[in-house]
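Here's the structure we're looking at; comments come further down.
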Amino acid sequence: MEYVVEMLNIRKEFPGIIANDNISLELKKGEIHALMGENGAGKSTLMSILFGLYQPDNGSIRIKGKEVRISNPNVANDLGIGMVHQHFKLVHNFTITENIILGIEPKKGLTLDLKSAAERIRLLSEQYGLNVDPYEKIENVSVGMQQRVEIIKMLYRNAEVLIFDEPTAVLTPHEILDLMKIMKNLVAEGKSIILITHKLKEIKAVADRCTVIRRGKLVGTVDVAATSEARMAEMMVGRQVSFQVDKSESKPGEIILQVENLSVLNHRKVLGLKGCSLDVRSGEILGIAGVEGNGQTELVEAITGLTRIESGKVLLKEQDITHLLIRERIEAGIAHIPEDRQKRGLVLDYTIEENMVLEVYDRVPFSNKGLLDRDAIRNYTDKIMKNFDVRAGEGAESFARTLSGGNQQKAIVGREVELNPELLIAVQPTRGLDVGSIEYIHKRLVEQRDKGKAVLLVSLELDEILNVSDRIAIVSNGELIGIVNAAETNENEVGLMMAGVRKGESN
Amino acid sequence: MWTILVQIFPYAIAFTIPLLITALGGLFSERSGVVNIGLEGLMVVGSFGGALAIAKLQPVFPNGAVWIGIVVAMLTGIVFSLLHAFASINLNANQVISGTAINMLAGALTVFLARNITGSGNIRIGSGLPRIDIPILSSIPIVGKLFFTQTYASTWLVLVILAISWYVLYKTAFGLRLRACGEHPHAADSAGVNVFWVRYIAVMLSGAFAGLGGVVILITYSGEFTGSVSGLGFLALAALIFGQWKPLGILGATFFFGFASTIANVSQVMPALASIPSVILKVFPYVVTLIALIVFSKSSQAPRAAGEPFEHGKR
Amino acid sequence: MKLQFKKGSAKSAVVAFLAVIFGLLAGALLIAVTGSDPFTGYAYLFKGGLMSTERIGDTLATSTPLILSGLSVAFAFKTGLFNIGASGQMLMGGFCATAVGLTLPLPFIILLPLEILAAIMGGAIWAVVPGFMKARFNVHEVVSTIMMNWISYWIIYYAVPAYFKGQFLETESRAIPDAASMKVNWLTHLFDGSFVNLGLFLAIAAVMIIAFILNRTVMGYELKAVGYNRFAAEYAGINVNRNIVLSMMIAGALAGLGGATMYIGNASNIQIGILPSQGFDGIAVALLGANSPLGSMFAALFFGLLYSGKGFMNAMIQIPPEIADTIIATIIYFAATSVLIERLVNMLRFRKRGQ
Amino acid sequence: GSTPSPAGSGGTAATAAKFKVGMVTDSGTIDDKSFNQGTWEGVQKAGKEFGLETKYLKPTGTTEADYLKEIGNLYDAGYKFIVTPGFKFSTTIFQAQDKYQDGKFVIIDASPAGKDGKESIKPNTVAIFFAEQESGFVAGVATALQLKEGDVGFIGGMEIPPVQHYNWGFQQGIKYANDNFSTKINIKPENVVYQGTFSDVAAGQQLAAHMFDSGVKAVFAAAGGVGVGAINEAKARAKAGKQAWIVGVDVDQFKDGIYDGSKSIILTSAMKKIDIAAYDMIKAEKDGKFPGGKSMIFNSKNNGIGIPDKNPNLSADVTTKVADVFKKIQSGDIKVSPDKGSLIK
Ligand SMILES: Nc1ncnc2c1ncn2[C@@H]1O[C@H](COP(=O)(O)OP(=O)(O)OP(=O)(O)O)[C@@H](O)[C@H]1O
Ligand SMILES: Nc1ncnc2c1ncn2[C@@H]1O[C@H](COP(=O)(O)OP(=O)(O)OP(=O)(O)O)[C@@H](O)[C@H]1O
Ligand SMILES: [Mg+2]
Ligand SMILES: [Mg+2]
């Protein structure tokens, strides 16, 4: 059998952690090979080694049978290896062409030859059906388009082996389908692909084989067609996982949150949310489904007070909170698990205990007459950490920075739940987490609901929305497209509505 | 007013040029992602190196000494800038702090050395650059009077460097890479650009240009190294922001500073301006800068990665 | 420009200590290169700062404005701001104190608090402008405080001769009368005629108060939260803009007080045409003190000692006094590149373990 | 304090007791071509001649505390004869003369005074003054005679008495020449300025340039570093073949103005002979004749002021006429007022 890439017995150690422990991976020509594992398993590290960003401590790499040393990305490029990173590596104020040619610029004399580069990009774009405008600036194009730029970047460098690191995490269902089509095109043209993803469905849909790693160690490589999703999931976490969230029928009570005709400007100073009205009742989880950037952020920020409201009203338990300060809203009973845990959710240079009182430090018993009470804060923190299974090296005194992403998230969830809010807003509460942590957090959300609280769940993951919510509100282009009952809908219907098709319009 | 303008124009330009070239150095550094508040110190070491070279060489090469001094000043600036480069690029040190250390070190070390050499801490040069009228061009009406009379060769040197800088920054592969390093070093890194080298070169350019700025002061109007450039390095930094990190922007900003402070300086002897309280003229450039900073704050073009240490492979 | 914060005071103390050692070594090298004996040099340097009660007093007095300007910079750092404008704030604060001292014919007991108040207000106002610009328009405080430095420089330049002209000189204000000065007889006598003054106690009190505010109070919690992560602070309902302004205001007040200790304490009038270098030294003090109030105080005392002793060293042997500044600058460079020191420490530790 | 030298240096012992001479500089450097340098040259000359140890210290700041600290440093290091140039030392010496009673102090340009402005010269102190107005007067006459007609200007540093005296003397000298030698020299009010610092070189250049552009032929620059800027400007002009003169100050600045081999733009210099004053005081102390408690004036009578002996840019005729005028000042026939009166600024 001919392998384009063979990574043999790769070992990579970071201070305090062995990210890759004797891992081998072989890629056949013309296959799509999935690489799967929980968070921190070492997938990105392994691929970074193949791409020359890291040097392995041990082990060897062969390309087309020949042993190579990939000391930097240039070497990888020369060997025909390209990578689309988990976080796109594009310069926001460069044009697409400039981004693509960066590092291998064509020149006329001393001067950059942008014209001929743009022409080549246009041709590549046509060949693979990518549809990009070479002269557009990155900051003006959608995330899906940016990903296609990353793909052309590889093609422009004549890559034969393409590595995709979690490419679908940021895409809409429709864009995911497009991407899969593109990937199939690519392998049809003779390229080989390594695809990192957490999503079993995607693996099923496009991959030929799948390699699973766990805590830096290789679990095995399987033939996708012959392996069930459940089996792959088990390989990944080392135990059986249920994909279904166990929950009883919801018992909605009084209206907790009422949003009336709400319009909000986005950061580009145009209406990002247009005349949205919805309500959330006690004892129910309302999910907001939608493609990223279609008004979810504006809605949440308007409710929590992070953004000014252009027009409309927000009521909490019939009290008008439209013009209240953020802190006043928190006191009125709103808790918020923010989208970006590191940017908004935590003060990374504060300890856990300092973070646990981020919204309540000025209340008795945590402080009195302007003086902090360390003991009270410590007790409170210990309680949250115990209840929510937050693990940290030095307990309550650990700096938030030193926690893993999952533990950071659990700490935030714990903090917000502990506020005992009337309304819990959870935005992407499981983003980037592994299935174990996801399961845990979902349980806590349902628990809140069962305690008779209102929960507003915003997520880009359709599965999460469908599994956790009782009702689902779908937004598209800043407008509320419709609200459906979770039990009575399916992925297809919601997906269509996310694309802006109102219920009933499609048939 | 016209005669006043014509009269002070050459001096305004003489004052503008060191600011301009220093800010241009800052531009290269910052657009590669390294904040350099050590410009002031780099100017000082440039002026020190240049003064020393010129003072020592002038007796031997009365004509060439100034030009050798310019080269020496740029080299001194480069050598000193390596301290900043090492700290901020190799060690990921806080760039503001490293720059502050550079400023302090420059002021102290050069005077220390000068004291050991001259006994006083100052180094005086015999003579600087002559002022020349550009033949033909200077006889063009208006423009000739303003731009081509009483000019220093260093002015033209700096303007040529400005033009080349613009070309390099926007039209060459190096410029593209440099700007990428300042906006998104990881993108550049994964595209195979050696971020370390690009930043090193950029910081060294800032050292060379600031050194040139320092020596231009010396050979045009001060004639003496004194261990200080009286805040011009910081002013260059302000001009860089005022000029929105663009070559032509900083040309405008530094010219504004040059003009405003020249007016403030000579207002005493200009009957037309003597009625305005001096304090107002003196603070005018600074107040306008503050206002400009507010106006531009909405659309800041600051390089996104400026000030952030780059760690290879950091997620 | 994002500032990174190092925590763990034991570690920063080790780093600071090693930075000092390296700085002194570099200084020794320089002294040797210029043909003098480093040991003799340093002996005179420290003697110059410490060899008599009077000199100890002078060293303390030299340190006083440094403690306050260092505290000002450190406090701003802690709250995420780089106050490079301590000089201008000191000048403004000192000017206000001088103005009060020269205008109001009041008894000492009433006058001194008024002067202090004026200094604090002067410094605070001078820092509020950049604070407000930062909060409201996100204008970087490094540039705005530098501009404010120059504005204060020129305002004082013209205001002093216009309103408080000295008996003989245009270039300084009239002398502060004894009844309006921070110098008090018992202290002067205690220290054998040194110019140490009440400013020292004000500085120490300020260190205590600031340490207390930062570590124990709700206000400190908010200020630091905004400094470390203004987005998280905003999310938590902390008024970010108010805290930025407040932080700059406090930093400015501290620097202003430092100005008072200089102009109506160590000196007895305000001079024009000079931005006090102590403001810039405050950056060094804060850095060496790892931005902690107590650390800054020790750093200021150390720098004060160097500054105070260098003249005597120069008088005794042929070493230019700029050596002190060079040593301080080197220390700061080493503190800035503390990563290098940390690596060295790790390496040494590793080697020991290996044996 | 520690006194390494065993020989007692207190008292006014007329012995050849080895005493060490120290100096504290004012703001500005030891080679400022002005009073710091002048003083230091005098100290060094005496040091060489009498085999004394000499040392100067440059204070870190310009406050009284800074000055006192350096005086203490010198004193503790055994330099008990201390010379301080500059009006700013007034209050410092006032305190030092009491604090270090076995020290000797020479203060130049001012006398010791308390905060209240009350002067008091103790027996261990001498205050030295110069009649700068006479020096400026002579330079003014020389300038007028040499240029015959046209505009001249004045750039001062800070507006302090010595600088003011130079200015007013210069103006009186011009007027005297216009009245007595029928020259037609004019000083316009806008061409008399105090820049405000002794250090802003750029401003000095710009001010001088502006004056030259508006037709001024010679600028009297009594302004330290600001004057350096003015000199640079004049040199640049002279090199380009234009006429631009500077009248130097404090010391003979001829050398600083050299631009083309041996040509200099320094027309003449209004000097005050600080070096001689410093030297004289040290010599007096050595001879046991230290005039402690006195205030001394150096003027035309004791040749403490004047223009250089050699002025290559002045014609022989001018030189003789100026020498004549100088004699008349010495004899009191011509009185130069140290006050502003109806003069400009
Ligand atoms: N530069 C680094 N320094 C130290 N540790 C690192 C570094 N990069 C990764 N690690 C650690 O190595 C382990 C593997 O990380 P890696 O990013 O490869 O995981 P992953 O499988 O890609 O996870 P995810 O699904 O979250 O992307 C993690 O524990 C991570 O924290
Ligand atoms: N760059 C790094 N340097 C040092 N330690 C790291 C680094 N990155 C992660 N770690 C440590 O490795 C451990 C695992 O972190 P990791 O970020 O992989 O967790 P995770 O659950 O995958 O989170 P995330 O979702 O953010 O990827 C944590 O203890 C963390 O402190
Ligand atoms: Mg991870
Ligand atoms: Mg990963």
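How things are named: the first chain in the structure tokens is A, the next is B, and so on; residues count from 1 in each chain; ligands count from 1 in the order shown.
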
Residues of chain D near chain C: apply a cut-off of 8 Å, count only C-alpha atoms, and supply the list as a compact mmCIF listing (two decimals) with N, CA and C atoms, in the first residue's frame.
```
# COMPACT_ATOMS: atom_id res chain seq x y z
N GLY D 1 32.49 63.49 59.02
CA GLY D 1 33.10 63.34 57.70
C GLY D 1 34.53 62.84 57.82
N LYS D 55 38.59 69.68 42.10
CA LYS D 55 37.50 68.75 41.74
C LYS D 55 36.24 69.56 41.52
N TYR D 56 35.48 69.18 40.47
CA TYR D 56 34.17 69.82 40.37
C TYR D 56 33.09 68.76 40.45
N LEU D 57 31.95 69.11 40.98
CA LEU D 57 30.79 68.22 41.01
C LEU D 57 29.65 68.90 40.30
N PRO D 59 25.70 68.98 40.14
CA PRO D 59 24.53 68.53 40.90
C PRO D 59 23.51 67.84 39.98
N THR D 63 17.95 72.39 42.64
CA THR D 63 17.34 72.91 43.85
C THR D 63 18.42 73.14 44.89
N GLU D 64 18.04 73.89 45.90
CA GLU D 64 18.95 74.18 46.98
C GLU D 64 19.48 72.89 47.61
N ALA D 65 18.57 71.90 47.77
CA ALA D 65 18.99 70.64 48.38
C ALA D 65 20.07 69.96 47.52
N LYS D 69 23.83 69.31 48.85
CA LYS D 69 24.34 67.95 48.89
C LYS D 69 25.74 67.89 48.29
N GLU D 70 25.92 68.55 47.17
CA GLU D 70 27.23 68.49 46.50
C GLU D 70 28.28 69.24 47.32
N ASN D 73 29.26 66.90 49.88
CA ASN D 73 30.13 65.86 49.33
C ASN D 73 31.57 66.36 49.20
N LEU D 74 31.70 67.57 48.66
CA LEU D 74 33.04 68.13 48.51
C LEU D 74 33.70 68.31 49.89
N ASP D 76 33.02 66.83 52.72
CA ASP D 76 33.36 65.56 53.37
C ASP D 76 34.55 64.88 52.71
N ALA D 77 34.75 65.20 51.45
CA ALA D 77 35.89 64.60 50.75
C ALA D 77 37.14 65.46 50.94
N LYS D 115 15.98 83.16 52.93
CA LYS D 115 14.72 83.07 52.20
C LYS D 115 14.03 84.42 52.12
N ASP D 116 14.22 85.21 53.18
CA ASP D 116 13.56 86.50 53.20
C ASP D 116 14.26 87.52 52.31
N GLY D 117 15.34 87.09 51.67
CA GLY D 117 16.04 87.99 50.77
C GLY D 117 17.10 88.83 51.46
N MET D 158 17.78 83.12 30.09
CA MET D 158 16.73 83.44 31.01
C MET D 158 16.86 84.90 31.43
N GLU D 159 15.74 85.43 31.86
CA GLU D 159 15.72 86.85 32.21
C GLU D 159 16.23 87.03 33.63
N ILE D 160 17.53 86.92 33.82
CA ILE D 160 18.12 87.04 35.15
C ILE D 160 19.08 88.21 35.17
N PRO D 161 19.41 88.73 36.36
CA PRO D 161 20.17 89.98 36.40
C PRO D 161 21.43 90.02 35.52
N THR D 197 15.31 79.86 28.16
CA THR D 197 16.15 78.78 28.70
C THR D 197 17.59 79.09 28.34
```

Cut-off 6 Å: closest chain A/chain B atom pairs per residue, using only C-alpha atoms, as a Markdown table:
```
| residue | atom | partner | partner_atom | distance |
| --- | --- | --- | --- | --- |
| A:Leu53 | CA | B:Gly313 | CA | 5.9 |
| A:Pro73 | CA | B:Gly192 | CA | 5.3 |
| A:Asn74 | CA | B:Gly192 | CA | 4.8 |
| A:Lys89 | CA | B:Ala187 | CA | 4.1 |
| A:Leu90 | CA | B:Ala187 | CA | 5.5 |
| A:Val91 | CA | B:His184 | CA | 5.7 |
| A:Gly103 | CA | B:Ala191 | CA | 5.3 |
| A:Thr111 | CA | B:Thr172 | CA | 5.0 |
| A:Leu112 | CA | B:Thr172 | CA | 5.1 |
```

Inset, instruction - Taking only C-alpha atoms and all ligand atoms into account, report as a PyMOL selection string which residues have an atom no farther than 12 Å from an atom of ligand 4. - result: (chain A and resi 19+35-48+84-87+164-167+169+195-198+405+432-434) or (chain B and resi 314-315)

Inset, instruction - Output as a list of chain:residue names the set of chain D residues within 7 Å of chain B, with distances taken over only C-alpha atoms. - result: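 Within 7 Å of chain B on chain D, we get D:Thr29, D:Ile30, D:Asp31, D:Glu190, D:Asn191, D:Val193, D:Val201, D:Ala202, D:Ala203, D:Gln205, D:Gln206, D:Leu207, D:His210, D:Asp213, D:Gly229, D:Asn232, D:Ala236, D:Lys239, D:Tyr259.
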
Inset, instruction - Compute the set of chain A residues within 6 Å of chain C, using only C-alpha atoms, and express it as JSON, numbers by chain. - result: {"A": [326, 327, 344, 345, 346, 347, 359, 370, 371, 372]}

Legend entry - Å distance separating atom CA of D:Ser111 from atom CA of D:Ser295, one decimal place: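 Distance reported for this atom pair: 7.2 Å.
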
Legend entry - For A:Met235: contacts at 10 Å, only C-alpha atoms, fewer than 2 positions along chain excluded, given as number ranges by chain: A: 36-37, 211-214, 219-220, 229-233, 237-240

Produce a file of the selected residues containing N, CA and C atoms, as a compact mmCIF listing (two decimals), in the first residue's frame.
```
# COMPACT_ATOMS: atom_id res chain seq x y z
N MET A 36 -9.39 12.01 15.44
CA MET A 36 -10.40 12.33 16.42
C MET A 36 -9.84 12.16 17.83
N GLY A 37 -10.36 12.90 18.77
CA GLY A 37 -9.94 12.76 20.16
C GLY A 37 -10.53 13.90 20.97
N THR A 211 -8.46 7.86 12.73
CA THR A 211 -7.51 7.55 13.79
C THR A 211 -7.97 8.24 15.07
N VAL A 212 -7.98 7.49 16.16
CA VAL A 212 -8.46 8.07 17.41
C VAL A 212 -7.29 8.15 18.40
N ILE A 213 -7.15 9.30 19.04
CA ILE A 213 -6.15 9.40 20.10
C ILE A 213 -6.81 9.88 21.39
N ARG A 214 -6.19 9.47 22.49
CA ARG A 214 -6.76 9.83 23.79
C ARG A 214 -5.60 10.16 24.72
N VAL A 219 -5.19 5.34 20.16
CA VAL A 219 -6.14 4.28 20.51
C VAL A 219 -6.26 3.28 19.36
N GLY A 220 -6.31 3.82 18.16
CA GLY A 220 -6.36 2.92 17.02
C GLY A 220 -6.84 3.63 15.77
N GLU A 229 -20.92 4.91 15.04
CA GLU A 229 -20.61 6.17 15.72
C GLU A 229 -20.37 5.94 17.20
N ALA A 230 -21.21 5.12 17.79
CA ALA A 230 -21.09 4.85 19.23
C ALA A 230 -19.73 4.24 19.54
N ARG A 231 -19.30 3.37 18.70
CA ARG A 231 -18.01 2.72 18.92
C ARG A 231 -16.87 3.75 18.87
N MET A 232 -16.97 4.64 17.89
CA MET A 232 -15.91 5.66 17.76
C MET A 232 -15.91 6.58 18.99
N ALA A 233 -17.07 6.93 19.42
CA ALA A 233 -17.16 7.80 20.60
C ALA A 233 -16.56 7.12 21.81
N VAL A 237 -13.44 8.56 24.30
CA VAL A 237 -13.44 8.93 25.71
C VAL A 237 -13.14 7.75 26.63
N GLY A 238 -13.13 6.57 26.10
CA GLY A 238 -12.78 5.42 26.92
C GLY A 238 -13.93 4.90 27.74
N ARG A 239 -15.14 5.33 27.41
CA ARG A 239 -16.32 4.78 28.07
C ARG A 239 -17.51 5.04 27.16
N GLN A 240 -18.67 4.50 27.55
CA GLN A 240 -19.82 4.73 26.70
C GLN A 240 -20.39 6.12 26.97
```

Legend entry - atom CA of B:Ile161 to atom CA of B:Leu5, straight-line distance in Å: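 Answer for the atom CA of B:Leu5 to atom CA of B:Ile161 separation: 26.1 Å.
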
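Atom CA of A:Arg374 to atom 9 (C, counted along the ligand's line) of ligand 2 spans 28.6 Å [interatomic distance, one decimal].
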
Legend entry - Close residues, stretch 91-95 of chain D itself excluded, 6 Å, only C-alpha atoms, min 5 positions apart in chain, as an NGL selection string: :D and (64 or 112-114)

Restrict the selected residues to N, CA, C and O atoms and save them as a PDB file, in the first residue's frame.
```
ATOM      1  N   GLU D  64      18.038  73.887  45.896  1.00  0.00           N
ATOM      2  CA  GLU D  64      18.947  74.179  46.983  1.00  0.00           C
ATOM      3  C   GLU D  64      19.477  72.888  47.614  1.00  0.00           C
ATOM      4  O   GLU D  64      20.663  72.750  47.912  1.00  0.00           O
ATOM      5  N   PRO D 112      25.203  85.683  49.356  1.00  0.00           N
ATOM      6  CA  PRO D 112      24.366  84.769  50.127  1.00  0.00           C
ATOM      7  C   PRO D 112      23.179  85.519  50.695  1.00  0.00           C
ATOM      8  O   PRO D 112      23.328  86.634  51.193  1.00  0.00           O
ATOM      9  N   ALA D 113      22.022  84.916  50.609  1.00  0.00           N
ATOM     10  CA  ALA D 113      20.826  85.560  51.124  1.00  0.00           C
ATOM     11  C   ALA D 113      19.880  84.516  51.660  1.00  0.00           C
ATOM     12  O   ALA D 113      19.783  83.409  51.126  1.00  0.00           O
ATOM     13  N   GLY D 114      19.182  84.869  52.718  1.00  0.00           N
ATOM     14  CA  GLY D 114      18.199  83.967  53.292  1.00  0.00           C
ATOM     15  C   GLY D 114      16.919  83.976  52.470  1.00  0.00           C
ATOM     16  O   GLY D 114      16.799  84.703  51.491  1.00  0.00           O
TER      17      GLY D 114
END
```

Inset, instruction - May I have all residues of stretch 62-115 of chain D that DSSP, computed from the backbone, assigns to strand (DSSP E), given as a PyMOL selection string? - result: chain D and resi 81-85+104-108

Inset, instruction - May I ask which of the residues C:Gly123, C:Gly282, C:Gly199, C:Pro65 is the closest one to chain B, counting only C-alpha atoms? - result: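 Among the listed residues, C:Gly282 lies closest to chain B.
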
Inset, instruction - Dump as a VMD selection string the residues of chain B that approach chain C to within 9 Å, counting only C-alpha atoms. - result: chain B and resid 35 83 86 to 88 91 to 109 111 to 113 115 to 116 119 231 234 to 235 237 to 238 241 278 to 280 282 to 287 289 to 290 293 to 298 305 to 308

Inset, instruction - Would you list, as an NGL selection string, the residues of stretch 144-258 of chain D that end up in helix (DSSP H, G or I) under DSSP run on this structure's backbone? - result: :D and (144-147 or 161-180 or 201-213 or 224-239 or 254-257)

Inset, instruction - Fewer than 3 positions away in the same chain doesn't count, so skip those; otherwise give me all residues within 10 Å of A:Gly295, counting only C-alpha atoms, as a count of residues only. - result: 23

Legend entry - For A:Glu328: contacts at 12 Å, only C-alpha atoms, fewer than 3 positions along chain excluded, given as a PyMOL selection string: (chain A and resi 303-305+316+319-325+331-335+359-360) or (chain C and resi 236-239)

Inset, instruction - Extract, using only C-alpha atoms, all DNA, RNA and protein residues at most 9 Å from C:Leu190, discarding same-chain residues fewer than 6 positions from it, and format them as a list of chain:residue names. - result: C:Thr53, C:Glu54, C:Gly57

Put those residues in a file: C-alpha atoms, as a PDB file, in the first residue's frame.
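Below is the file that was written, result-v9.pdb:
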```pdb
ATOM      1  CA  THR C  53      22.946  60.555  60.281  1.00  0.00           C
ATOM      2  CA  GLU C  54      22.636  63.551  58.049  1.00  0.00           C
ATOM      3  CA  GLY C  57      18.393  61.603  56.282  1.00  0.00           C
TER       4      GLY C  57
END
```
